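Below is final.tsv, holding TSV, C-alpha atoms.
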chain	number	residue	atom	x	y	z
A	1	MET	CA	-32.13	109.95	-219.07
A	2	TYR	CA	-29.00	111.82	-218.04
A	3	ILE	CA	-25.93	109.92	-216.82
A	4	SER	CA	-23.71	112.20	-214.77
A	5	VAL	CA	-19.95	112.35	-214.50
A	6	ARG	CA	-20.38	111.74	-210.78
A	7	HIS	CA	-22.32	108.52	-211.38
A	8	LEU	CA	-19.68	107.18	-213.76
A	9	ASN	CA	-16.81	108.26	-211.51
A	10	GLN	CA	-18.12	107.45	-208.03
A	11	GLY	CA	-20.68	104.78	-208.85
A	12	LEU	CA	-18.74	102.86	-211.51
A	13	GLY	CA	-15.15	103.85	-210.76
A	14	VAL	CA	-14.54	105.48	-214.17
A	15	ASP	CA	-11.67	107.94	-214.33
A	16	GLU	CA	-13.17	111.43	-213.99
A	17	SER	CA	-11.51	112.82	-217.12
A	18	ILE	CA	-12.72	109.89	-219.22
A	19	ALA	CA	-16.20	110.16	-217.75
A	20	ARG	CA	-16.38	113.89	-218.46
A	21	PHE	CA	-15.09	113.49	-222.01
A	22	PHE	CA	-17.90	111.12	-222.97
A	23	VAL	CA	-20.67	112.78	-220.94
A	24	ASP	CA	-19.86	116.18	-222.50
A	25	ARG	CA	-19.29	114.87	-226.03
A	26	LYS	CA	-21.75	115.94	-228.70
A	27	VAL	CA	-23.89	113.25	-230.28
A	28	PRO	CA	-22.30	112.32	-233.65
A	29	GLU	CA	-24.28	113.20	-236.75
A	30	ASP	CA	-25.48	110.56	-239.22
A	31	ASN	CA	-24.90	107.78	-236.72
A	32	ILE	CA	-27.75	105.36	-236.17
A	33	PHE	CA	-26.45	104.25	-232.77
A	34	TRP	CA	-27.14	107.76	-231.45
A	35	LYS	CA	-30.11	108.49	-233.73
A	36	GLY	CA	-32.74	110.55	-231.95
A	37	ARG	CA	-30.51	110.93	-228.89
A	38	LEU	CA	-29.78	114.27	-227.28
A	39	LEU	CA	-27.11	112.88	-224.96
A	40	TYR	CA	-23.99	110.93	-225.82
A	41	ILE	CA	-24.21	108.80	-222.67
A	42	GLY	CA	-27.77	107.97	-221.72
A	43	ARG	CA	-29.45	105.18	-219.81
A	44	GLY	CA	-28.79	101.80	-221.34
A	45	ASN	CA	-25.89	99.39	-221.09
A	46	GLY	CA	-24.79	100.02	-224.66
A	47	PHE	CA	-24.07	103.68	-223.90
A	48	VAL	CA	-22.68	103.33	-220.38
A	49	SER	CA	-20.35	100.54	-221.48
A	50	ILE	CA	-18.35	102.94	-223.67
A	51	PRO	CA	-16.75	105.04	-220.90
A	52	VAL	CA	-16.59	101.99	-218.64
A	53	TYR	CA	-14.57	99.96	-221.15
A	54	TYR	CA	-12.34	102.89	-222.07
A	55	ASP	CA	-11.59	103.28	-218.38
A	56	LEU	CA	-10.54	99.62	-218.26
A	57	LEU	CA	-8.17	100.26	-221.17
A	58	PHE	CA	-6.81	103.27	-219.28
A	59	ARG	CA	-6.22	101.06	-216.25
A	60	LEU	CA	-4.27	98.68	-218.51
A	61	GLY	CA	-1.79	101.45	-219.25
A	62	LEU	CA	-3.04	103.37	-222.30
A	63	SER	CA	-2.92	107.13	-221.90
A	64	ARG	CA	-5.98	109.34	-221.97
A	65	GLU	CA	-4.44	111.19	-224.92
A	66	ILE	CA	-4.41	108.00	-227.00
A	67	LEU	CA	-7.80	106.71	-225.88
A	68	LEU	CA	-9.60	110.03	-226.31
A	69	ALA	CA	-7.88	111.16	-229.51
A	70	GLU	CA	-10.53	112.55	-231.84
A	71	ASN	CA	-9.47	110.38	-234.77
A	72	HIS	CA	-9.77	107.22	-232.70
A	73	VAL	CA	-13.08	108.11	-231.04
A	74	ARG	CA	-14.60	108.87	-234.43
A	75	PHE	CA	-13.47	105.45	-235.62
A	76	MET	CA	-15.12	103.83	-232.59
A	77	GLU	CA	-18.32	105.73	-233.32
A	78	ARG	CA	-18.40	104.44	-236.91
A	79	VAL	CA	-17.96	100.88	-235.65
A	80	MET	CA	-21.01	101.42	-233.42
A	81	HIS	CA	-22.92	102.87	-236.36
A	82	TYR	CA	-22.33	99.87	-238.62
A	83	ALA	CA	-23.00	97.41	-235.80
A	84	MET	CA	-26.40	99.02	-235.25
A	85	LEU	CA	-27.19	98.88	-238.98
A	86	VAL	CA	-26.77	95.10	-238.71
A	87	GLU	CA	-29.00	95.08	-235.62
A	88	PHE	CA	-31.71	96.87	-237.60
A	89	ASN	CA	-31.28	94.54	-240.60
A	90	GLN	CA	-30.12	97.42	-242.79
A	91	LEU	CA	-26.72	95.86	-243.48
A	92	GLY	CA	-25.43	92.30	-243.69
A	93	PHE	CA	-22.90	91.10	-241.12
A	94	GLY	CA	-20.25	90.38	-243.75
A	95	ALA	CA	-20.76	93.76	-245.43
A	96	GLN	CA	-20.36	95.39	-242.03
A	97	LEU	CA	-16.97	93.72	-241.59
A	98	ASP	CA	-15.86	94.88	-245.04
A	99	VAL	CA	-16.74	98.50	-244.30
A	100	ILE	CA	-15.01	98.51	-240.91
A	101	ILE	CA	-11.92	96.82	-242.36
A	102	ALA	CA	-11.76	99.57	-244.99
A	103	LEU	CA	-11.87	102.19	-242.22
A	104	LEU	CA	-8.73	100.68	-240.72
A	105	GLU	CA	-6.66	101.13	-243.86
A	106	GLY	CA	-3.53	103.09	-243.09
A	107	ARG	CA	-4.12	103.18	-239.34
A	108	MET	CA	-3.62	99.59	-238.23
A	109	LYS	CA	-1.86	99.24	-234.87
A	110	ASN	CA	-2.19	95.47	-234.29
A	111	GLU	CA	-2.01	93.53	-237.56
A	112	GLY	CA	-1.72	90.13	-235.87
A	113	PHE	CA	-4.75	90.70	-233.68
A	114	PHE	CA	-6.64	92.14	-236.65
A	115	GLN	CA	-6.14	88.91	-238.63
A	116	GLU	CA	-7.17	86.88	-235.59
A	117	LEU	CA	-10.30	88.97	-235.08
A	118	VAL	CA	-11.36	88.91	-238.73
A	119	GLY	CA	-10.94	85.13	-238.90
A	120	TYR	CA	-13.10	84.77	-235.79
A	121	LEU	CA	-15.80	87.17	-237.00
A	122	ARG	CA	-15.99	85.58	-240.47
A	123	GLN	CA	-17.42	82.37	-238.97
A	124	PRO	CA	-21.05	81.62	-239.89
A	125	ILE	CA	-21.76	81.24	-236.17
A	126	LEU	CA	-19.40	82.91	-233.71
A	127	ARG	CA	-17.71	80.07	-231.83
A	128	PRO	CA	-14.67	80.38	-229.53
A	129	ALA	CA	-11.40	80.74	-231.42
A	130	GLY	CA	-8.31	81.06	-229.24
A	131	ARG	CA	-8.75	83.96	-226.87
A	132	LEU	CA	-11.86	85.19	-228.67
A	133	GLY	CA	-15.45	84.16	-228.12
A	134	MET	CA	-17.65	82.54	-225.50
A	135	GLN	CA	-19.20	79.07	-225.73
A	136	ILE	CA	-22.67	80.63	-225.97
A	137	PRO	CA	-22.97	82.38	-229.38
A	138	ALA	CA	-25.55	84.87	-228.05
A	139	LEU	CA	-22.85	86.26	-225.76
A	140	ASN	CA	-20.62	87.06	-228.75
A	141	ARG	CA	-23.08	89.36	-230.47
A	142	ALA	CA	-21.24	92.58	-229.58
A	143	ASP	CA	-17.74	91.41	-230.53
A	144	VAL	CA	-17.45	93.64	-233.60
A	145	PHE	CA	-16.59	96.39	-231.09
A	146	LEU	CA	-13.23	94.67	-230.61
A	147	PHE	CA	-12.11	96.32	-233.86
A	148	VAL	CA	-11.36	99.37	-231.70
A	149	LEU	CA	-8.40	97.44	-230.27
A	150	CYS	CA	-6.89	97.28	-233.76
A	151	ASP	CA	-6.68	101.08	-233.70
A	152	LEU	CA	-4.83	101.28	-230.37
A	153	PRO	CA	-1.10	100.67	-229.68
A	154	LEU	CA	-1.50	97.74	-227.29
A	155	THR	CA	1.20	95.32	-226.27
A	156	GLU	CA	0.38	91.61	-226.44
A	157	ASP	CA	-0.09	91.49	-222.67
A	158	GLN	CA	-2.40	94.50	-222.80
A	159	LEU	CA	-4.34	92.86	-225.63
A	160	ASP	CA	-4.78	89.68	-223.62
A	161	GLN	CA	-6.12	91.65	-220.68
A	162	ALA	CA	-8.27	93.94	-222.85
A	163	ILE	CA	-9.95	90.89	-224.39
A	164	ARG	CA	-10.38	89.19	-221.04
A	165	TYR	CA	-12.02	92.22	-219.46
A	166	TRP	CA	-14.10	92.81	-222.58
A	167	TYR	CA	-15.80	89.46	-222.06
A	168	SER	CA	-16.13	89.99	-218.31
A	169	LEU	CA	-17.81	93.35	-218.88
A	170	HIS	CA	-19.90	92.89	-221.99
A	171	THR	CA	-21.19	89.40	-221.30
A	172	THR	CA	-22.36	90.82	-217.96
A	173	TYR	CA	-24.32	93.54	-219.74
A	174	LEU	CA	-25.68	91.07	-222.32
A	175	LEU	CA	-26.74	88.57	-219.67
A	176	MET	CA	-28.48	91.28	-217.65
A	177	ASP	CA	-30.36	92.41	-220.74
A	178	ASP	CA	-31.31	88.83	-221.61
A	179	ILE	CA	-32.47	88.11	-218.06
A	180	SER	CA	-34.68	91.21	-218.09
A	181	ASP	CA	-36.01	90.53	-221.61
A	182	TYR	CA	-36.30	86.74	-221.32
A	183	LYS	CA	-40.07	86.44	-221.75
A	184	PHE	CA	-40.18	88.84	-224.69
A	185	ASP	CA	-37.12	87.31	-226.39
A	186	LYS	CA	-38.56	83.81	-226.08
A	187	GLN	CA	-41.97	84.93	-227.30
A	188	ASP	CA	-40.47	86.73	-230.31
A	189	LYS	CA	-37.85	84.00	-230.92
A	190	GLU	CA	-35.05	86.54	-230.50
A	191	GLU	CA	-31.46	85.53	-229.76
A	192	SER	CA	-31.16	84.88	-226.02
A	193	SER	CA	-28.24	83.65	-223.96
A	194	ILE	CA	-30.68	82.36	-221.32
A	195	VAL	CA	-32.31	80.05	-223.86
A	196	GLU	CA	-28.92	78.90	-225.15
A	197	LEU	CA	-27.74	78.22	-221.60
A	198	GLY	CA	-30.55	75.74	-221.04
A	199	ASP	CA	-33.72	77.83	-220.85
A	200	ASN	CA	-36.02	78.27	-217.85
A	201	ARG	CA	-34.50	77.89	-214.38
A	202	ALA	CA	-31.41	75.99	-215.57
A	203	GLY	CA	-30.55	78.76	-218.02
A	204	PHE	CA	-30.97	81.43	-215.36
A	205	GLU	CA	-28.81	79.59	-212.84
A	206	LYS	CA	-25.98	79.20	-215.36
A	207	ALA	CA	-26.32	82.88	-216.28
A	208	PHE	CA	-25.93	83.94	-212.66
A	209	ASP	CA	-22.88	81.69	-212.29
A	210	ILE	CA	-21.27	83.53	-215.22
A	211	LEU	CA	-22.25	86.88	-213.73
A	212	GLN	CA	-20.60	86.02	-210.43
A	213	GLU	CA	-17.38	85.00	-212.15
A	214	ASN	CA	-17.42	88.16	-214.29
A	215	CYS	CA	-17.83	90.37	-211.24
A	216	ARG	CA	-14.92	88.65	-209.51
A	217	SER	CA	-12.79	89.29	-212.59
A	218	LEU	CA	-13.75	92.96	-212.86
A	219	LYS	CA	-13.06	93.56	-209.17
A	220	GLU	CA	-9.41	92.78	-209.91
A	221	ILE	CA	-9.05	95.88	-212.06
A	222	ASN	CA	-11.95	98.09	-210.90
A	223	PRO	CA	-13.39	97.08	-207.51
A	224	VAL	CA	-16.06	99.79	-207.64
A	225	LEU	CA	-17.35	98.59	-211.01
A	226	GLY	CA	-17.26	94.93	-209.98
A	227	GLY	CA	-19.20	95.66	-206.82
A	228	HIS	CA	-21.79	97.75	-208.67
A	229	LEU	CA	-22.43	95.03	-211.24
A	230	GLU	CA	-22.61	92.44	-208.48
A	231	GLU	CA	-25.37	94.44	-206.80
A	232	MET	CA	-27.23	94.81	-210.11
A	233	SER	CA	-27.07	91.06	-210.77
A	234	THR	CA	-28.33	90.32	-207.25
A	235	ASP	CA	-31.33	92.56	-207.88
A	236	LEU	CA	-32.20	90.48	-210.96
A	237	GLN	CA	-32.45	87.21	-209.06
A	238	ASP	CA	-36.14	87.81	-208.41
A	239	LEU	CA	-36.70	87.17	-212.12
A	240	ILE	CA	-35.62	83.52	-211.87
A	241	PRO	CA	-38.68	81.43	-212.81

Show me the file's structure as structure tokens.
Amino acid sequence: MYISVRHLNQGLGVDESIARFFVDRKVPEDNIFWKGRLLYIGRGNGFVSIPVYYDLLFRLGLSREILLAENHVRFMERVMHYAMLVEFNQLGFGAQLDVIIALLEGRMKNEGFFQELVGYLRQPILRPAGRLGMQIPALNRADVFLFVLCDLPLTEDQLDQAIRYWYSLHTTYLLMDDISDYKFDKQDKEESSIVELGDNRAGFEKAFDILQENCRSLKEINPVLGGHLEEMSTDLQDLIP
């Protein structure tokens, strides 16, 4: 389903130029993340989160020219491609890291953060390490995307904030997905943050506590986005068993 520039801009607070860039962008070829898709940004948190997070980086001080540079966006798209190959069990997690690391050769912008990120992602189970990772491993399952920060000229302060808002944003999307899919994930023994948080009502209550804190955090930098996600999380409360 179509996601409009107006929805991203007025409904989620995304900068209009950033919203238009991604909405109008052609679907990349030979990329499993967009396989079978006619639209670059369609319904689904995984797609919407791209312009939303790039808008957060813009709000942290990176220019549109840097964020939307073709060379960088293509790198981001390859990261998404390899992450989805792991999701579909077509590539091992370690092999995915090796391929993405090779893509960064000659274009590294943040060597220190790169080493920090690789050390964190090489763990057998993703546990918190410094400023990376959440206590619940299921909430770390999208963290390979953080390689995009290695390709951007961020100061240390910007990196700190980019990581902080990454977890506020993406753990919100992951929790919402896990709340909606709880019964199916439990039945199929799929990874679920709700189960890891305590399962049943206790797991749901802890999930909603995290969601509330995330929305408060996001309101600091994008009040429209924080308010929108707060409304979405409220609508999910009927699913508490």

Considering only C-alpha atoms, give me a table of residues in region 63-105 of chain A that are at most 12 Å from region 8-28 of chain A, with the closest atom pair and distance in Å for each, as a Markdown table.
| residue | atom | partner | partner_atom | distance |
| --- | --- | --- | --- | --- |
| A:Ser63 | CA | A:Ile18 | CA | 10.5 |
| A:Arg64 | CA | A:Ile18 | CA | 7.3 |
| A:Glu65 | CA | A:Ile18 | CA | 10.1 |
| A:Ile66 | CA | A:Ile18 | CA | 11.5 |
| A:Leu67 | CA | A:Ile18 | CA | 8.9 |
| A:Leu68 | CA | A:Ile18 | CA | 7.7 |
| A:Ala69 | CA | A:Phe21 | CA | 10.7 |
| A:Glu70 | CA | A:Arg25 | CA | 10.8 |
| A:Val73 | CA | A:Phe22 | CA | 9.9 |
| A:Arg74 | CA | A:Pro28 | CA | 8.5 |
| A:Phe75 | CA | A:Pro28 | CA | 11.4 |
| A:Met76 | CA | A:Pro28 | CA | 11.2 |
| A:Glu77 | CA | A:Pro28 | CA | 7.7 |
| A:Arg78 | CA | A:Pro28 | CA | 9.4 |
| A:Met80 | CA | A:Pro28 | CA | 11.0 |
| A:His81 | CA | A:Pro28 | CA | 9.9 |

Would you write out, as JSON lines, a table of all residues in region 101-174 of chain A that have an atom no more than 7 Å from an atom of region 211-223 of chain A, listing for each the closest atom pair and the distance in Å to one decimal, considering all atoms listed in the file and ordering rows by chain and rising residue number?
{"residue": "A:Tyr165", "atom": "CA", "partner": "A:Leu218", "partner_atom": "CA", "distance": 6.9}
{"residue": "A:Ser168", "atom": "CA", "partner": "A:Asn214", "partner_atom": "CA", "distance": 4.6}
{"residue": "A:Leu169", "atom": "CA", "partner": "A:Asn214", "partner_atom": "CA", "distance": 6.9}
{"residue": "A:Thr172", "atom": "CA", "partner": "A:Leu211", "partner_atom": "CA", "distance": 5.8}

Please produce a file of the residues just selected, as a PDB file, keeping the file's coordinate frame, where the atoms kept are C-alpha atoms.
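Dumped everything to out.pdb:
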ATOM      1  CA  TYR A 165     -12.020  92.220-219.460  1.00  0.00           C
ATOM      2  CA  SER A 168     -16.130  89.990-218.310  1.00  0.00           C
ATOM      3  CA  LEU A 169     -17.810  93.350-218.880  1.00  0.00           C
ATOM      4  CA  THR A 172     -22.360  90.820-217.960  1.00  0.00           C
TER       5      THR A 172
END

Checklist entry - Can you tell me, as a ChimeraX atom specification, what residues are no more than 12 Å from Thr171 (chain A) when counting all atoms listed in the file, ignoring any on the same chain fewer than 4 positions away? => result /A:45-46,49,133-143,163-167,175-179,192-194,207-215,218,229

Checklist entry - When distances are computed from all atoms listed in the file, which of A:Glu87, A:Leu174, A:Asp151, A:Pro51 shows the smallest separation from Gly106 (chain A)? => result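 Looking at the shortest contact to Gly106 (chain A), the residue is A:Asp151.
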
Checklist entry - How far is it from CA of Arg201 (chain A) to CA of Tyr182 (chain A), in Å with one decimal? => result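 According to the coordinates, CA of Arg201 (chain A) and CA of Tyr182 (chain A) are separated by 11.4 Å.
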
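Between CA of Gly42 (chain A) and CA of Arg6 (chain A) lies a distance of 13.7 Å.
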
Checklist entry - What is the distance, in Å and to one decimal place, between CA of Leu132 (chain A) and CA of Leu117 (chain A)? => result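 So the two atoms, CA of Leu132 (chain A) and CA of Leu117 (chain A), lie 7.6 Å apart.
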
Next on the checklist: Set the distance at 12 Å and use only C-alpha atoms: which residues neighbour Val79 (chain A) once local chain neighbours fewer than 2 positions away are removed? I'd like the list as a VMD selection string.
Outcome noted: chain A and resid 31 to 33 72 to 77 81 to 86 96 to 104 142 to 151

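Among A:His228, A:Pro153, A:Leu239, A:Gly130, the residue with the shortest atom-to-atom distance to Asp181 (chain A), counting only C-alpha atoms, is A:Leu239.
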